[in-house]
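Enquirer: Following this message is one structure expressed as structure tokens.
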Amino acid sequence: MSEEQFDLVIIGGGPAGYVAAIRAAQLGMKTACIEKRKTLGGTCLNVGCIPSKALLESSEHYALVTGKLQKHGITCEGVRLDLAQMMKRKDAVVRQLTNGVAGLFKKHKIEHVLGTGKLKEVKGERKTVEVDTGSGSRVLVTSKVLLATGSEPVELPFLKFDGKRVLSSTEALSIPEVPKHLVVIGGGVIGLELGSVWRRLGAKVTVVEFLDRITPFSDNQVGSELQKALAKQGIEFRLSTKCTGSQDADSGFRVKLEDLKTGEQSELECDYVLVSTGRRPFSAGLGLSELGIETDKAGRVGVDAHYQTKIPGVYAVGDLIAGPMLAHKAEEEGIAAVEIMAGQAGHVNYDAIPNVIYTWPELASVGATEEELQEKGVQYKAGSFPFMANGRAKAMEETEGFVKVLADAKTDRVLGVHMLGPRVSELIAEAVSVIEFGGSAEDIARTCHAHPTLTEVVKEAALAVGGRALHM
Ligand code: FAD
Ligand code: NAI
């Protein structure tokens with residue numbers, strides 16, 4: 001079989017892999033990106049970030065016309081949900097973006113090798129990657145390989161995904177009808193975002209969470225305020241509750257639950273179950289163990305500070321390695337790894353990676369939580385400011401939530417910023433920049449923010465760190 005020669009072969013065309021491919025091409029490397037899906041963009045563009053945000057946006061519009069607009073003096077009559085059109089639009093958004101990545105590949109002369117890649121052989125500098133194309137195989141030879149095969153949803157042993165009633169996030173993005181009762185197992189990011197979509201469209205939604213709080217990794221205060229806001233929207237929460245099994249019922253399904261505090265057993269009847277209890281790195285069939293590349297208990301590939309695995313010249317990035325499973329983290333790592341390969345100083349600042357939950361209100365955060373600072377014994381000052389006291393938020397009729405700035409008690413350096421509120425997914429960028437540049441709460445407080453904007457809440461929270469918020 002003939003061999004094809006590349007400077008870099010990337011396995012996986014998600015945010016980690018495709019962005020790395022573009023950066024590599026910019027740096028003059030002849031690059032191939034093996035992706036088994038017909039479309040590029042990985043989980044994020046195809047069945048993750050983008051379709052979920054498209055549905056969140058559409059369902060938010062529906063919530064506006066069916067309720068929220070009344071306070072603005074706008075009454076909408078004859079409003080009808082066209083779910084098929086909503087899904088069609090979502091699919092079109094995905095198509096446009098995945099086609100866009102294909103266009104970028106063409107522009108940069110990156111080859112999308114369609115098929116499943118396997119690291120076959122390593123002989124010093126020479127690495128061989130075999131691609132199963134479905135109808136045959138290709139052999140790519142290179143000195144550098146970047147593994148970027150992402151992650152997959154975790155299944156519960158007694159609630160196996162069937163794609164029809166027991167859904168992973170992928171199927172929950174395309175339910176053909178509004179569920180009567182959607183039970184969501186796992187009160188993390190996916191559960192809350194997709195639970196919000198279907199709640200807004202009219203489903204009864206119950207979120208079952210193992211722990212005594214939702215969004216376990218977020219700052220406690222913003223997490224519990226988010227729960228209150230979602231409960232007001234009608235989402236029911238069963239916290240400290242374990243799902244112990246399921247059985248068929250007239251309505252579709254009966255989910256068995258156990259209250260972890262009281263031991264009480266109960267059941268929920270529903271027509272759909274979304275299992276969103278986390279994702280795990282995906283490395284099946286990559287040929288890692290054969291070559292001695294180790295994964296930890298969670299399935300993550302071990303890398304050094306330069307994203308290099310145990311084998312020189314074989315790198316790994318994105319959901320496949322440790323760290324938060326986020327598209328922007330994956331992209332930054334892809335870029336850094338390729339720059340390091342090219343002899344540049346690629347770097348990711350893990351203290352400045354924003355986290356956003358695109359519910360309404362949105363939750364956005366960067367840096368340390370109050371709980372983390374307390375655990376580490378760091379002396380800090382906190383300043384908070386509510387959207388309720390912000391002119392723009394009032395004008396928008398979107399006053400839920402607040403911004404909290406945490407700064408070092410001695411140096412005033414910003415250590416963490418946590419937000420709940422309207423479009424805080426956009427506001428968090430300011431906090432990320434300040435943390436990236438090692439800035440202080442005073443820096444934010446002395447920066448001129450346009451009036452009237454939601455960004456003034458960030459300034460006021462920074463002023464509050466020094467006890468001098470102006471509008472409180
Ligand atoms: P992936 O995007 O998973 O890409 C890996 C690619 O590798 C896949 O396309 C797969 O087909 C391919 N592949 C795997 N094995 C092989 C092989 N052997 N050969 C060839 N190809 C292979 N993150 C955010 O930051 N913001 C969000 O709003 C957000 N929303 C999300 C919503 C949902 C419903 C989900 C499920 C995830 C969301 N995420 C979000 C997480 C985000 O999608 C991931 O963190 C991101 O996609 C990881 O990028 P990656 O390139 O590492 O992996
Ligand atoms: P998650 O880790 O965010 O949440 C899982 C939740 O399920 C946790 O609260 C956990 O305590 C709970 N849980 C685990 N086992 C359980 C059980 N048996 N019964 C009840 N609850 C249980 O995982 P999720 O929501 O599946 O998302 C996976 C990843 O995808 C996230 O970690 C995130 O990185 C990424 N993502 C990011 C988004 C964003 O940035 N906006 C959106 C969607 C996904």
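As shown in the structure tokens, the chain order sets the letters A, B, ...; within each chain, residues go from 1, and ligands are also counted from 1 in the order they appear.
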Residues within 6 Å of ligand 1 (only C-alpha atoms and all ligand atoms), as number ranges by chain?
Expert: A: 11-17, 34-37, 42-44, 48-49, 52, 115-118, 148-151, 169, 190, 286, 318-320, 325-328, 330
Enquirer: Could you report the residues within 7 Å of ligand 2, using only C-alpha atoms and all ligand atoms, as a VMD selection string?
Expert: chain A and resid 48 to 49 153 156 185 to 191 193 208 to 211 214 to 216 241 to 243 276 to 279 324 to 326 355 to 358
Enquirer: Using only C-alpha atoms for the distances, tell me which of A:Leu268, A:Ile428, A:Ala172, A:Val122 is nearest to Glu290 (chain A).
Expert: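 Once distances to Glu290 (chain A) are computed over only C-alpha atoms, the minimum belongs to A:Val122.
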Enquirer: Calculated over only C-alpha atoms, which of the candidates A:Ala32, A:Ala21, A:Ala382, A:Met396 has the smallest distance to Leu415 (chain A)?
Expert: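 Checking each of A:Ala32, A:Ala21, A:Ala382, A:Met396 against Leu415 (chain A), counting only C-alpha atoms, the winner is A:Ala382.
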Enquirer: Write out as a compact mmCIF listing (two decimals) with all heavy atoms, in the first residue's frame all residues of region 113-359 of chain A that backbone DSSP assigns to helix (DSSP H, G or I).
Expert:
# COMPACT_ATOMS: atom_id res chain seq x y z
N SER A 169 -27.10 13.43 25.31
CA SER A 169 -27.32 14.81 24.85
C SER A 169 -27.58 14.85 23.34
O SER A 169 -28.34 15.69 22.86
CB SER A 169 -26.12 15.68 25.21
OG SER A 169 -24.93 15.14 24.70
N THR A 170 -26.94 13.95 22.60
CA THR A 170 -27.09 13.98 21.14
C THR A 170 -28.56 13.83 20.74
O THR A 170 -29.08 14.64 19.96
CB THR A 170 -26.23 12.86 20.51
OG1 THR A 170 -24.88 13.10 20.87
CG2 THR A 170 -26.36 12.85 19.00
N GLU A 171 -29.23 12.82 21.29
CA GLU A 171 -30.64 12.63 20.91
C GLU A 171 -31.54 13.69 21.54
O GLU A 171 -32.57 14.06 20.96
CB GLU A 171 -31.14 11.24 21.33
CG GLU A 171 -30.44 10.08 20.66
CD GLU A 171 -29.17 9.68 21.40
OE1 GLU A 171 -29.15 9.74 22.64
OE2 GLU A 171 -28.19 9.32 20.71
N ALA A 172 -31.12 14.21 22.72
CA ALA A 172 -31.95 15.23 23.38
C ALA A 172 -31.95 16.53 22.59
O ALA A 172 -32.74 17.43 22.86
CB ALA A 172 -31.46 15.46 24.80
N VAL A 189 -24.02 20.74 33.52
CA VAL A 189 -24.19 21.71 32.45
C VAL A 189 -25.21 21.24 31.40
O VAL A 189 -26.13 21.98 31.03
CB VAL A 189 -22.85 21.99 31.74
CG1 VAL A 189 -22.92 23.26 30.97
CG2 VAL A 189 -21.73 22.04 32.74
N ILE A 190 -25.04 20.02 30.91
CA ILE A 190 -25.93 19.53 29.86
C ILE A 190 -27.36 19.43 30.38
O ILE A 190 -28.32 19.86 29.72
CB ILE A 190 -25.44 18.17 29.32
CG1 ILE A 190 -24.12 18.36 28.56
CG2 ILE A 190 -26.49 17.51 28.44
CD1 ILE A 190 -23.52 17.10 27.98
N GLY A 191 -27.51 18.86 31.58
CA GLY A 191 -28.85 18.69 32.15
C GLY A 191 -29.59 20.01 32.27
O GLY A 191 -30.78 20.10 31.94
N LEU A 192 -28.88 21.05 32.71
CA LEU A 192 -29.54 22.34 32.93
C LEU A 192 -29.82 23.06 31.61
O LEU A 192 -30.87 23.67 31.44
CB LEU A 192 -28.69 23.23 33.85
CG LEU A 192 -28.46 22.65 35.25
CD1 LEU A 192 -27.64 23.61 36.09
CD2 LEU A 192 -29.77 22.31 35.96
N GLU A 193 -28.86 22.97 30.67
CA GLU A 193 -29.09 23.65 29.37
C GLU A 193 -30.22 22.96 28.60
O GLU A 193 -31.18 23.62 28.17
CB GLU A 193 -27.81 23.67 28.54
CG GLU A 193 -26.75 24.63 29.09
CD GLU A 193 -25.55 24.81 28.16
OE1 GLU A 193 -25.51 24.19 27.08
OE2 GLU A 193 -24.64 25.58 28.53
N LEU A 194 -30.11 21.64 28.43
CA LEU A 194 -31.14 20.97 27.62
C LEU A 194 -32.45 20.85 28.39
O LEU A 194 -33.54 20.90 27.79
CB LEU A 194 -30.63 19.62 27.13
CG LEU A 194 -29.46 19.75 26.15
CD1 LEU A 194 -29.00 18.39 25.64
CD2 LEU A 194 -29.81 20.64 24.96
N GLY A 195 -32.36 20.73 29.71
CA GLY A 195 -33.58 20.76 30.53
C GLY A 195 -34.30 22.08 30.33
O GLY A 195 -35.53 22.13 30.19
N SER A 196 -33.54 23.20 30.27
CA SER A 196 -34.14 24.52 30.05
C SER A 196 -34.84 24.59 28.69
O SER A 196 -35.94 25.15 28.58
CB SER A 196 -33.06 25.62 30.09
OG SER A 196 -32.58 25.78 31.38
N VAL A 197 -34.17 24.06 27.66
CA VAL A 197 -34.77 24.10 26.32
C VAL A 197 -36.16 23.47 26.35
O VAL A 197 -37.16 24.09 25.95
CB VAL A 197 -33.89 23.32 25.29
CG1 VAL A 197 -34.64 23.06 24.00
CG2 VAL A 197 -32.60 24.10 25.01
N TRP A 198 -36.24 22.24 26.89
CA TRP A 198 -37.52 21.52 26.80
C TRP A 198 -38.54 22.07 27.78
O TRP A 198 -39.74 22.06 27.51
CB TRP A 198 -37.27 20.02 26.96
CG TRP A 198 -36.52 19.50 25.76
CD1 TRP A 198 -35.22 19.11 25.71
CD2 TRP A 198 -37.01 19.41 24.41
NE1 TRP A 198 -34.87 18.77 24.42
CE2 TRP A 198 -35.95 18.94 23.60
CE3 TRP A 198 -38.24 19.68 23.80
CZ2 TRP A 198 -36.09 18.73 22.23
CZ3 TRP A 198 -38.39 19.47 22.43
CH2 TRP A 198 -37.31 19.00 21.67
N ARG A 199 -38.09 22.61 28.92
CA ARG A 199 -39.02 23.26 29.86
C ARG A 199 -39.66 24.47 29.18
O ARG A 199 -40.86 24.67 29.24
CB ARG A 199 -38.26 23.68 31.13
CG ARG A 199 -39.06 24.49 32.11
CD ARG A 199 -40.14 23.65 32.80
NE ARG A 199 -41.25 24.48 33.27
CZ ARG A 199 -42.49 24.41 32.82
NH1 ARG A 199 -42.82 23.54 31.88
NH2 ARG A 199 -43.42 25.20 33.31
N ARG A 200 -38.82 25.30 28.52
CA ARG A 200 -39.36 26.51 27.87
C ARG A 200 -40.36 26.14 26.78
O ARG A 200 -41.27 26.91 26.48
CB ARG A 200 -38.23 27.31 27.23
CG ARG A 200 -37.30 27.95 28.21
CD ARG A 200 -36.09 28.43 27.46
NE ARG A 200 -35.02 28.87 28.33
CZ ARG A 200 -33.80 29.14 27.90
NH1 ARG A 200 -33.50 29.03 26.61
NH2 ARG A 200 -32.87 29.54 28.73
N ASN A 220 -20.54 28.20 44.99
CA ASN A 220 -21.77 27.80 45.66
C ASN A 220 -22.91 28.80 45.54
O ASN A 220 -24.05 28.45 45.27
CB ASN A 220 -21.46 27.62 47.15
CG ASN A 220 -21.96 26.29 47.62
OD1 ASN A 220 -22.96 25.81 47.11
ND2 ASN A 220 -21.26 25.70 48.57
N GLN A 221 -22.55 30.08 45.76
CA GLN A 221 -23.57 31.13 45.77
C GLN A 221 -24.24 31.27 44.41
O GLN A 221 -25.47 31.30 44.31
CB GLN A 221 -22.92 32.45 46.18
CG GLN A 221 -23.92 33.48 46.62
CD GLN A 221 -23.26 34.85 46.85
OE1 GLN A 221 -22.03 34.99 46.76
NE2 GLN A 221 -24.07 35.84 47.13
N VAL A 222 -23.44 31.32 43.33
CA VAL A 222 -24.07 31.46 42.00
C VAL A 222 -24.85 30.20 41.65
O VAL A 222 -25.93 30.28 41.05
CB VAL A 222 -23.08 31.81 40.86
CG1 VAL A 222 -22.74 33.26 40.80
CG2 VAL A 222 -21.85 30.96 40.87
N GLY A 223 -24.30 29.04 42.05
CA GLY A 223 -24.98 27.78 41.75
C GLY A 223 -26.35 27.72 42.42
O GLY A 223 -27.35 27.35 41.79
N SER A 224 -26.41 28.11 43.69
CA SER A 224 -27.71 27.98 44.37
C SER A 224 -28.69 29.05 43.88
O SER A 224 -29.89 28.80 43.80
CB SER A 224 -27.55 27.98 45.89
OG SER A 224 -27.22 29.25 46.34
N GLU A 225 -28.19 30.23 43.48
CA GLU A 225 -29.09 31.24 42.90
C GLU A 225 -29.62 30.78 41.55
O GLU A 225 -30.77 31.03 41.20
CB GLU A 225 -28.37 32.59 42.76
CG GLU A 225 -28.10 33.30 44.09
CD GLU A 225 -29.35 33.56 44.92
OE1 GLU A 225 -30.37 34.01 44.34
OE2 GLU A 225 -29.32 33.29 46.14
N LEU A 226 -28.76 30.10 40.78
CA LEU A 226 -29.22 29.58 39.48
C LEU A 226 -30.33 28.56 39.71
O LEU A 226 -31.35 28.57 39.01
CB LEU A 226 -28.06 28.94 38.71
CG LEU A 226 -28.46 28.22 37.41
CD1 LEU A 226 -29.08 29.20 36.41
CD2 LEU A 226 -27.25 27.54 36.76
N GLN A 227 -30.13 27.71 40.72
CA GLN A 227 -31.16 26.70 40.98
C GLN A 227 -32.50 27.36 41.32
O GLN A 227 -33.55 26.96 40.81
CB GLN A 227 -30.73 25.79 42.13
CG GLN A 227 -31.67 24.60 42.26
CD GLN A 227 -31.52 23.88 43.58
OE1 GLN A 227 -30.42 23.83 44.13
NE2 GLN A 227 -32.60 23.32 44.06
N LYS A 228 -32.44 28.43 42.12
CA LYS A 228 -33.69 29.13 42.48
C LYS A 228 -34.36 29.69 41.23
O LYS A 228 -35.56 29.62 41.06
CB LYS A 228 -33.39 30.27 43.46
CG LYS A 228 -33.18 29.81 44.88
CD LYS A 228 -33.00 31.03 45.79
CE LYS A 228 -32.11 30.67 46.97
NZ LYS A 228 -31.43 31.81 47.55
N ALA A 229 -33.53 30.30 40.36
CA ALA A 229 -34.08 30.92 39.14
C ALA A 229 -34.73 29.86 38.24
O ALA A 229 -35.82 30.07 37.69
CB ALA A 229 -32.97 31.64 38.38
N LEU A 230 -34.08 28.71 38.12
CA LEU A 230 -34.63 27.65 37.26
C LEU A 230 -35.88 27.03 37.89
O LEU A 230 -36.82 26.66 37.18
CB LEU A 230 -33.57 26.58 36.98
CG LEU A 230 -32.36 27.07 36.17
CD1 LEU A 230 -31.33 25.96 36.01
CD2 LEU A 230 -32.78 27.60 34.80
N ALA A 231 -35.88 26.95 39.23
CA ALA A 231 -37.07 26.41 39.91
C ALA A 231 -38.26 27.33 39.66
O ALA A 231 -39.39 26.87 39.45
CB ALA A 231 -36.78 26.26 41.40
N LYS A 232 -38.00 28.65 39.64
CA LYS A 232 -39.09 29.61 39.36
C LYS A 232 -39.66 29.39 37.96
O LYS A 232 -40.81 29.64 37.70
CB LYS A 232 -38.56 31.05 39.47
CG LYS A 232 -38.81 31.67 40.84
CD LYS A 232 -38.77 33.18 40.76
CE LYS A 232 -37.38 33.69 41.01
NZ LYS A 232 -37.13 35.07 40.68
N LEU A 288 -3.54 2.98 21.52
CA LEU A 288 -2.66 3.56 22.55
C LEU A 288 -1.96 2.51 23.41
O LEU A 288 -0.74 2.56 23.59
CB LEU A 288 -3.45 4.51 23.47
CG LEU A 288 -4.13 5.70 22.79
CD1 LEU A 288 -4.71 6.63 23.83
CD2 LEU A 288 -3.14 6.43 21.91
N SER A 289 -2.74 1.54 23.93
CA SER A 289 -2.12 0.58 24.87
C SER A 289 -1.06 -0.25 24.15
O SER A 289 -0.02 -0.57 24.74
CB SER A 289 -3.18 -0.30 25.52
OG SER A 289 -3.92 -0.94 24.51
N GLU A 290 -1.31 -0.57 22.87
CA GLU A 290 -0.31 -1.35 22.11
C GLU A 290 1.04 -0.63 22.06
O GLU A 290 2.10 -1.25 22.03
CB GLU A 290 -0.77 -1.58 20.67
CG GLU A 290 -2.01 -2.49 20.51
CD GLU A 290 -3.32 -1.71 20.48
OE1 GLU A 290 -3.48 -0.79 21.33
OE2 GLU A 290 -4.17 -2.02 19.63
N LEU A 291 0.97 0.72 22.09
CA LEU A 291 2.22 1.49 21.97
C LEU A 291 2.74 1.98 23.33
O LEU A 291 3.71 2.72 23.40
CB LEU A 291 2.00 2.69 21.04
CG LEU A 291 1.73 2.29 19.57
CD1 LEU A 291 1.23 3.48 18.79
CD2 LEU A 291 2.99 1.74 18.93
N GLY A 318 -7.24 18.57 24.28
CA GLY A 318 -8.71 18.62 24.30
C GLY A 318 -9.33 17.74 25.36
O GLY A 318 -8.73 17.45 26.39
N ASP A 319 -10.55 17.28 25.09
CA ASP A 319 -11.29 16.46 26.06
C ASP A 319 -10.56 15.16 26.38
O ASP A 319 -10.85 14.52 27.39
CB ASP A 319 -12.67 16.09 25.49
CG ASP A 319 -13.69 17.22 25.63
OD1 ASP A 319 -13.29 18.34 26.01
OD2 ASP A 319 -14.88 16.98 25.35
N LEU A 320 -9.65 14.76 25.51
CA LEU A 320 -8.92 13.51 25.70
C LEU A 320 -7.95 13.58 26.88
O LEU A 320 -7.53 12.55 27.40
CB LEU A 320 -8.16 13.20 24.40
CG LEU A 320 -7.45 11.86 24.27
CD1 LEU A 320 -8.45 10.71 24.41
CD2 LEU A 320 -6.73 11.76 22.92
N ALA A 327 -14.82 23.57 24.79
CA ALA A 327 -14.34 23.76 23.43
C ALA A 327 -13.19 24.77 23.38
O ALA A 327 -12.19 24.55 22.68
CB ALA A 327 -15.49 24.23 22.55
N HIS A 328 -13.31 25.88 24.14
CA HIS A 328 -12.26 26.91 24.06
C HIS A 328 -10.96 26.43 24.71
O HIS A 328 -9.88 26.80 24.29
CB HIS A 328 -12.74 28.25 24.65
CG HIS A 328 -13.55 28.10 25.91
ND1 HIS A 328 -14.87 27.75 25.89
CD2 HIS A 328 -13.23 28.28 27.19
CE1 HIS A 328 -15.33 27.70 27.13
NE2 HIS A 328 -14.35 28.02 27.94
N LYS A 329 -11.09 25.59 25.74
CA LYS A 329 -9.87 24.99 26.34
C LYS A 329 -9.23 24.07 25.32
O LYS A 329 -8.00 24.08 25.13
CB LYS A 329 -10.27 24.25 27.62
CG LYS A 329 -9.17 23.48 28.33
CD LYS A 329 -9.24 21.99 28.00
CE LYS A 329 -8.37 21.14 28.91
NZ LYS A 329 -8.30 19.73 28.43
N ALA A 330 -10.03 23.29 24.62
CA ALA A 330 -9.52 22.36 23.60
C ALA A 330 -8.80 23.14 22.49
O ALA A 330 -7.71 22.76 22.05
CB ALA A 330 -10.67 21.54 23.03
N GLU A 331 -9.41 24.24 22.06
CA GLU A 331 -8.80 25.06 20.99
C GLU A 331 -7.45 25.61 21.42
O GLU A 331 -6.46 25.54 20.68
CB GLU A 331 -9.71 26.24 20.64
CG GLU A 331 -10.97 25.85 19.92
CD GLU A 331 -11.78 27.07 19.49
OE1 GLU A 331 -11.20 28.16 19.31
OE2 GLU A 331 -13.00 26.94 19.33
N GLU A 332 -7.43 26.18 22.63
CA GLU A 332 -6.17 26.78 23.12
C GLU A 332 -5.07 25.74 23.20
O GLU A 332 -3.91 26.01 22.87
CB GLU A 332 -6.38 27.44 24.49
CG GLU A 332 -7.35 28.61 24.52
CD GLU A 332 -6.93 29.78 23.64
OE1 GLU A 332 -5.72 29.93 23.36
OE2 GLU A 332 -7.81 30.53 23.21
N GLU A 333 -5.44 24.53 23.66
CA GLU A 333 -4.44 23.47 23.76
C GLU A 333 -3.94 23.04 22.38
O GLU A 333 -2.74 22.78 22.19
CB GLU A 333 -5.01 22.26 24.50
CG GLU A 333 -5.16 22.52 26.00
CD GLU A 333 -5.74 21.35 26.76
OE1 GLU A 333 -6.32 20.44 26.13
OE2 GLU A 333 -5.65 21.36 28.01
N GLY A 334 -4.86 22.96 21.43
CA GLY A 334 -4.48 22.58 20.07
C GLY A 334 -3.47 23.56 19.51
O GLY A 334 -2.43 23.17 18.92
N ILE A 335 -3.72 24.84 19.71
CA ILE A 335 -2.81 25.88 19.22
C ILE A 335 -1.46 25.79 19.93
O ILE A 335 -0.40 25.80 19.30
CB ILE A 335 -3.44 27.29 19.44
CG1 ILE A 335 -4.66 27.45 18.55
CG2 ILE A 335 -2.42 28.40 19.17
CD1 ILE A 335 -5.55 28.62 18.93
N ALA A 336 -1.52 25.67 21.27
CA ALA A 336 -0.27 25.63 22.05
C ALA A 336 0.58 24.43 21.63
O ALA A 336 1.80 24.57 21.43
CB ALA A 336 -0.59 25.57 23.54
N ALA A 337 -0.06 23.27 21.47
CA ALA A 337 0.70 22.06 21.13
C ALA A 337 1.42 22.24 19.80
O ALA A 337 2.60 21.90 19.66
CB ALA A 337 -0.23 20.85 21.08
N VAL A 338 0.71 22.78 18.82
CA VAL A 338 1.30 22.94 17.49
C VAL A 338 2.42 23.99 17.52
O VAL A 338 3.47 23.81 16.89
CB VAL A 338 0.19 23.33 16.48
CG1 VAL A 338 0.78 23.87 15.20
CG2 VAL A 338 -0.69 22.13 16.20
N GLU A 339 2.22 25.05 18.28
CA GLU A 339 3.28 26.07 18.37
C GLU A 339 4.53 25.49 19.04
O GLU A 339 5.65 25.78 18.64
CB GLU A 339 2.75 27.31 19.12
CG GLU A 339 1.73 28.06 18.26
CD GLU A 339 1.19 29.33 18.90
OE1 GLU A 339 1.36 29.51 20.12
OE2 GLU A 339 0.56 30.13 18.16
N ILE A 340 4.31 24.66 20.05
CA ILE A 340 5.44 24.00 20.72
C ILE A 340 6.16 23.09 19.72
O ILE A 340 7.39 23.09 19.63
CB ILE A 340 4.97 23.22 21.97
CG1 ILE A 340 4.55 24.22 23.07
CG2 ILE A 340 6.06 22.28 22.49
CD1 ILE A 340 3.76 23.61 24.21
N MET A 341 5.39 22.35 18.91
CA MET A 341 6.02 21.48 17.88
C MET A 341 6.89 22.31 16.94
O MET A 341 7.93 21.85 16.47
CB MET A 341 4.94 20.81 17.01
CG MET A 341 4.13 19.76 17.70
SD MET A 341 2.82 19.20 16.55
CE MET A 341 1.61 18.61 17.69
N TYR A 350 -4.30 28.04 32.60
CA TYR A 350 -5.47 27.32 33.10
C TYR A 350 -6.23 28.08 34.20
O TYR A 350 -7.31 27.68 34.58
CB TYR A 350 -5.07 25.91 33.57
CG TYR A 350 -4.72 25.03 32.39
CD1 TYR A 350 -3.42 24.88 31.96
CD2 TYR A 350 -5.72 24.39 31.67
CE1 TYR A 350 -3.10 24.11 30.85
CE2 TYR A 350 -5.43 23.62 30.56
CZ TYR A 350 -4.12 23.48 30.16
OH TYR A 350 -3.83 22.72 29.05
N ASP A 351 -5.62 29.16 34.72
CA ASP A 351 -6.32 29.97 35.72
C ASP A 351 -7.27 30.97 35.06
O ASP A 351 -8.00 31.69 35.73
CB ASP A 351 -5.32 30.77 36.57
CG ASP A 351 -4.51 29.86 37.46
OD1 ASP A 351 -5.05 28.79 37.83
OD2 ASP A 351 -3.35 30.19 37.77
N ALA A 352 -7.22 31.04 33.74
CA ALA A 352 -8.03 32.06 33.06
C ALA A 352 -8.91 31.42 31.97
O ALA A 352 -9.06 31.95 30.88
CB ALA A 352 -7.11 33.13 32.46
Enquirer: Show which residues sit within 9 Å of Ser168 (chain A), as a list in words. Count only C-alpha atoms, and ignore same-chain residues fewer than 6 positions away.
Expert: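 With the cut-off at 9 Å, the set is Pro153, Val154, Glu155, Phe161, Asp162, Val273, Leu274, Val275 and Ser276 of chain A.
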Enquirer: Name the residues in contact with Glu398 (chain A) at a cut-off of 12 Å, using only C-alpha atoms, excluding same-chain residues fewer than 2 positions from it; report them as a compact mmCIF listing (two decimals) with N, CA and C atoms, in the first residue's frame.
Expert:
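Output below, filename part.txt:
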# COMPACT_ATOMS: atom_id res chain seq x y z
N LEU A 64 -40.12 34.26 25.46
CA LEU A 64 -40.40 35.71 25.40
C LEU A 64 -41.83 35.96 24.93
N LYS A 68 -42.79 36.46 28.72
CA LYS A 68 -41.96 37.58 29.19
C LYS A 68 -42.33 38.92 28.55
N LEU A 69 -42.78 38.90 27.27
CA LEU A 69 -43.03 40.17 26.59
C LEU A 69 -44.23 40.93 27.16
N LYS A 71 -44.90 41.92 30.05
CA LYS A 71 -44.50 43.01 30.95
C LYS A 71 -44.07 44.24 30.16
N HIS A 72 -43.62 44.02 28.91
CA HIS A 72 -43.23 45.13 28.05
C HIS A 72 -44.45 45.74 27.35
N ALA A 229 -33.53 30.30 40.36
CA ALA A 229 -34.08 30.92 39.14
C ALA A 229 -34.73 29.86 38.24
N TRP A 360 -31.03 30.63 31.31
CA TRP A 360 -31.42 32.02 31.50
C TRP A 360 -31.94 32.16 32.91
N PRO A 361 -31.33 32.94 33.78
CA PRO A 361 -30.11 33.69 33.56
C PRO A 361 -28.92 32.76 33.31
N GLU A 362 -27.89 33.34 32.69
CA GLU A 362 -26.69 32.56 32.42
C GLU A 362 -25.77 32.58 33.65
N PRO A 386 -25.83 43.54 42.39
CA PRO A 386 -26.95 42.86 41.74
C PRO A 386 -27.38 43.55 40.44
N PHE A 387 -27.87 42.77 39.49
CA PHE A 387 -28.42 43.35 38.26
C PHE A 387 -29.67 44.19 38.55
N MET A 388 -30.32 43.90 39.67
CA MET A 388 -31.52 44.65 40.08
C MET A 388 -31.24 46.15 40.16
N ALA A 389 -29.99 46.53 40.48
CA ALA A 389 -29.67 47.95 40.65
C ALA A 389 -28.99 48.53 39.41
N ASN A 390 -29.13 47.86 38.28
CA ASN A 390 -28.47 48.31 37.05
C ASN A 390 -29.52 48.82 36.06
N GLY A 391 -29.29 50.01 35.54
CA GLY A 391 -30.28 50.66 34.67
C GLY A 391 -30.61 49.85 33.43
N ARG A 392 -29.60 49.33 32.76
CA ARG A 392 -29.84 48.58 31.52
C ARG A 392 -30.64 47.31 31.79
N ALA A 393 -30.27 46.62 32.90
CA ALA A 393 -30.99 45.38 33.25
C ALA A 393 -32.45 45.68 33.53
N LYS A 394 -32.69 46.82 34.20
CA LYS A 394 -34.07 47.24 34.49
C LYS A 394 -34.81 47.48 33.19
N ALA A 395 -34.15 48.21 32.26
CA ALA A 395 -34.78 48.53 30.98
C ALA A 395 -35.10 47.26 30.20
N MET A 396 -34.23 46.27 30.36
CA MET A 396 -34.43 45.00 29.66
C MET A 396 -35.47 44.11 30.36
N GLU A 400 -32.53 39.49 37.26
CA GLU A 400 -32.08 38.38 38.12
C GLU A 400 -30.56 38.29 38.13
N GLY A 401 -29.99 37.99 39.28
CA GLY A 401 -28.57 37.67 39.33
C GLY A 401 -27.68 38.78 39.85
N PHE A 402 -26.39 38.52 39.81
CA PHE A 402 -25.40 39.44 40.39
C PHE A 402 -24.02 39.09 39.85
N LEU A 420 -24.06 35.64 37.60
CA LEU A 420 -25.33 35.04 37.21
C LEU A 420 -26.15 36.20 36.67
N GLY A 421 -26.66 36.07 35.47
CA GLY A 421 -27.45 37.19 34.96
C GLY A 421 -27.62 37.13 33.46
N PRO A 422 -28.24 38.21 32.90
CA PRO A 422 -28.49 38.24 31.46
C PRO A 422 -27.19 38.39 30.68
N ARG A 423 -26.98 37.50 29.72
CA ARG A 423 -25.82 37.56 28.81
C ARG A 423 -24.48 37.73 29.53
N VAL A 424 -24.36 37.13 30.70
CA VAL A 424 -23.06 37.20 31.38
C VAL A 424 -22.01 36.38 30.63
N LEU A 454 -24.89 46.49 30.84
CA LEU A 454 -24.80 45.45 31.87
C LEU A 454 -23.39 45.40 32.45
Enquirer: Do you know which residues are at most 8 Å from Val255 (chain A) counting only C-alpha atoms, after dropping those on the same chain fewer than 6 positions away, and could you put them as a list in words?
Expert: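 My list of contacting residues is Cys243, Thr244, Gly245, Ser246, Gln247, Glu267, Leu268, Glu269 and Cys270 of chain A.
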